[in-house]
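Have a look at model.cif; it's mmCIF, C-alpha atoms:
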data_model
#
loop_
_atom_site.label_atom_id
_atom_site.label_comp_id
_atom_site.auth_asym_id
_atom_site.auth_seq_id
_atom_site.Cartn_x
_atom_site.Cartn_y
_atom_site.Cartn_z
CA HIS A 60 73.46 212.28 -53.26
CA SER A 61 76.53 211.38 -51.26
CA ASN A 62 79.59 209.87 -52.86
CA SER A 63 80.71 208.28 -49.61
CA THR A 64 79.09 205.00 -50.64
CA SER A 65 81.20 204.72 -53.80
CA ASN A 66 84.37 205.56 -51.86
CA ALA A 67 83.54 203.07 -49.14
CA ASN A 68 83.50 200.25 -51.68
CA THR A 69 86.97 200.90 -53.12
CA ASP A 70 88.58 198.84 -50.37
CA THR A 71 87.39 195.64 -52.04
CA ILE A 72 87.60 196.41 -55.78
CA LEU A 73 90.83 194.43 -56.15
CA GLU A 74 90.03 191.73 -53.61
CA ASP A 75 90.78 188.96 -56.13
CA VAL A 76 94.19 190.46 -57.00
CA VAL A 77 97.43 189.10 -55.54
CA PHE A 78 100.27 191.41 -56.52
CA VAL A 79 104.06 191.35 -56.54
CA LEU A 80 106.18 194.48 -56.92
CA SER A 81 109.22 194.80 -59.16
CA GLY A 82 111.59 197.70 -59.71
CA PHE A 83 110.46 199.72 -56.67
CA GLN A 84 112.75 200.49 -53.74
CA ASN A 85 110.53 198.80 -51.16
CA LEU A 86 106.95 198.08 -50.21
CA SER A 87 106.63 201.43 -48.47
CA ASP A 88 106.71 203.10 -51.88
CA PRO A 89 103.66 205.30 -51.29
CA ILE A 90 102.22 204.79 -54.73
CA SER A 91 102.51 201.05 -55.21
CA GLY A 92 102.25 199.08 -52.00
CA ARG A 93 99.72 201.14 -50.09
CA GLN A 94 97.49 201.64 -53.12
CA GLY A 95 97.23 197.90 -53.67
CA PHE A 96 96.41 197.21 -50.04
CA SER A 97 93.87 200.03 -49.87
CA LEU A 98 91.94 198.46 -52.75
CA GLY A 99 91.73 195.04 -51.12
CA ALA A 100 94.58 193.34 -52.99
CA GLN A 101 97.01 190.96 -51.31
CA TYR A 102 100.79 191.32 -51.53
CA ARG A 103 103.46 188.68 -52.05
CA PRO A 104 107.20 189.45 -51.87
CA ASP A 105 107.89 187.14 -54.80
CA TRP A 106 105.90 185.44 -57.56
CA THR A 107 103.82 182.54 -56.23
CA SER A 108 101.28 180.18 -57.75
CA ASP A 109 98.42 182.35 -56.47
CA ALA A 110 99.88 185.67 -57.68
CA THR A 111 97.89 187.38 -60.43
CA HIS A 112 99.63 190.72 -61.13
CA LEU A 113 103.19 192.01 -61.27
CA ILE A 114 103.24 195.76 -60.65
CA CYS A 115 106.40 196.78 -62.45
CA ALA A 116 108.30 200.07 -62.45
CA LEU A 117 109.99 199.12 -65.72
CA ALA A 118 110.18 196.23 -68.15
CA ASN A 119 112.87 193.54 -68.19
CA THR A 120 113.56 193.31 -64.47
CA PRO A 121 114.41 189.79 -63.24
CA LYS A 122 110.87 189.39 -61.89
CA PHE A 123 109.41 190.71 -65.16
CA ASN A 124 111.27 188.03 -67.10
CA LYS A 125 110.25 185.34 -64.60
CA VAL A 126 106.56 186.29 -64.70
CA LYS A 127 106.21 187.01 -68.43
CA GLY A 128 103.65 184.57 -69.81
CA LYS A 129 102.47 183.53 -66.34
CA GLY A 130 100.67 186.59 -65.04
CA ILE A 131 99.52 190.11 -65.83
CA ILE A 132 102.33 192.67 -65.81
CA VAL A 133 101.18 196.26 -65.41
CA THR A 134 102.49 199.67 -64.37
CA LYS A 135 101.61 201.23 -61.02
CA GLU A 136 99.31 203.59 -62.90
CA TRP A 137 96.81 200.73 -63.10
CA LEU A 138 96.50 200.77 -59.30
CA LEU A 139 96.25 204.56 -59.22
CA ASP A 140 93.60 204.71 -61.92
CA CYS A 141 91.55 201.91 -60.33
CA LYS A 142 91.58 203.93 -57.11
CA LYS A 143 90.54 207.12 -58.93
CA ALA A 144 87.78 205.36 -60.85
CA GLY A 145 86.52 203.50 -57.79
CA LYS A 146 86.41 200.23 -59.74
CA ARG A 147 88.65 197.63 -61.30
CA LEU A 148 89.76 198.79 -64.72
CA SER A 149 90.91 196.73 -67.66
CA GLU A 150 94.65 196.10 -67.51
CA ARG A 151 95.00 196.34 -71.31
CA LYS A 152 96.38 199.86 -71.62
CA TYR A 153 98.66 199.44 -68.58
CA ARG A 154 100.36 196.23 -69.66
CA LEU A 155 104.14 196.13 -69.86
CA ASP A 156 104.42 192.63 -71.28
CA LYS A 157 102.77 193.56 -74.58
CA ILE A 158 105.25 196.25 -75.56
#
Could you render the structure from this file as structure tokens?
Amino acid sequence: HSNSTSNANTDTILEDVVFVLSGFQNLSDPISGRQGFSLGAQYRPDWTSDATHLICALANTPKFNKVKGKGIIVTKEWLLDCKKAGKRLSERKYRLDKI
């Protein structure tokens, strides 16, 4: 059995996710920006009405405080672990806004 089929489907596992980054130097951060795109997510430079997730390097950034209560705030590890698992994982253990 080939695992190429499971890998081929990872480019759409986050297709309903619209993410914003906070606390990273720039979108070319190899871990955050590219991982989100490679899983089918869309990027916004700032929080918009269609944004769903804030990928945050640390809590209490200006964007964190703006988004708190409006969207899901998670660490970049959520993106990494979704990629590794080949599926969308629950955000629960990655949330920064519940600490």
Kindly assemble as CSV a list of the segment 84-151 of chain A residues that lie within 9 Å of segment 70-79 of chain A, each paired with its nearest atom pair and their distance in Å to one decimal, using all atoms listed in the file, sorted first by chain and then by ascending residue number.
residue,atom,partner,partner_atom,distance
A:Gly95,CA,A:Leu73,CA,7.7
A:Phe96,CA,A:Asp70,CA,8.0
A:Ser97,CA,A:Asp70,CA,5.4
A:Leu98,CA,A:Asp70,CA,4.1
A:Gly99,CA,A:Thr71,CA,4.5
A:Ala100,CA,A:Glu74,CA,4.9
A:Gln101,CA,A:Val77,CA,4.6
A:Tyr102,CA,A:Phe78,CA,5.0
A:Arg103,CA,A:Val79,CA,5.3
A:Pro104,CA,A:Val79,CA,5.9
A:Asp105,CA,A:Val79,CA,6.0
A:Trp106,CA,A:Val79,CA,6.3
A:Thr107,CA,A:Val79,CA,8.8
A:Asp109,CA,A:Val77,CA,6.9
A:Ala110,CA,A:Val77,CA,4.7
A:Thr111,CA,A:Val77,CA,5.2
A:His112,CA,A:Phe78,CA,4.7
A:Leu113,CA,A:Val79,CA,4.9
A:Ile114,CA,A:Val79,CA,6.1
A:Cys115,CA,A:Val79,CA,8.4
A:Lys122,CA,A:Val79,CA,8.9
A:Cys141,CA,A:Ile72,CA,8.2
A:Lys142,CA,A:Ile72,CA,8.6
A:Gly145,CA,A:Ile72,CA,7.4
A:Lys146,CA,A:Ile72,CA,5.6
A:Arg147,CA,A:Ile72,CA,5.7
Store the residues picked out above, limited to C-alpha atoms, as a short mmCIF file (atom, residue, chain, number, x, y, z; two decimals), in the frame of the given file.
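Written file, result05.cif:
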data_model
loop_
_atom_site.label_atom_id
_atom_site.label_comp_id
_atom_site.auth_asym_id
_atom_site.auth_seq_id
_atom_site.Cartn_x
_atom_site.Cartn_y
_atom_site.Cartn_z
CA GLY A 95 97.23 197.90 -53.67
CA PHE A 96 96.41 197.21 -50.04
CA SER A 97 93.87 200.03 -49.87
CA LEU A 98 91.94 198.46 -52.75
CA GLY A 99 91.73 195.04 -51.12
CA ALA A 100 94.58 193.34 -52.99
CA GLN A 101 97.01 190.96 -51.31
CA TYR A 102 100.79 191.32 -51.53
CA ARG A 103 103.46 188.68 -52.05
CA PRO A 104 107.20 189.45 -51.87
CA ASP A 105 107.89 187.14 -54.80
CA TRP A 106 105.90 185.44 -57.56
CA THR A 107 103.82 182.54 -56.23
CA ASP A 109 98.42 182.35 -56.47
CA ALA A 110 99.88 185.67 -57.68
CA THR A 111 97.89 187.38 -60.43
CA HIS A 112 99.63 190.72 -61.13
CA LEU A 113 103.19 192.01 -61.27
CA ILE A 114 103.24 195.76 -60.65
CA CYS A 115 106.40 196.78 -62.45
CA LYS A 122 110.87 189.39 -61.89
CA CYS A 141 91.55 201.91 -60.33
CA LYS A 142 91.58 203.93 -57.11
CA GLY A 145 86.52 203.50 -57.79
CA LYS A 146 86.41 200.23 -59.74
CA ARG A 147 88.65 197.63 -61.30
#
field: Resolved residues for the PyMOL selection byres ((chain A and resi 156) around 10) as a PyMOL selection string
entry: chain A and resi 115+118-119+123-124+126-128+130-133+153-155+157-158
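Separating atom CA of Thr134 of chain A from atom CA of Ala116 of chain A is a distance of 6.1 Å.
Interatomic distance, atom CA of Lys152 of chain A to atom CA of Thr120 of chain A: 19.7 Å.
Atom pair atom CA of Gly82 of chain A / atom CA of Ala144 of chain A: separated by 25.0 Å.
With distances restricted to all atoms listed in the file, A:Leu117 is the closest residue to Phe83 of chain A from A:Lys125, A:Leu117, A:Leu139, A:Glu150.
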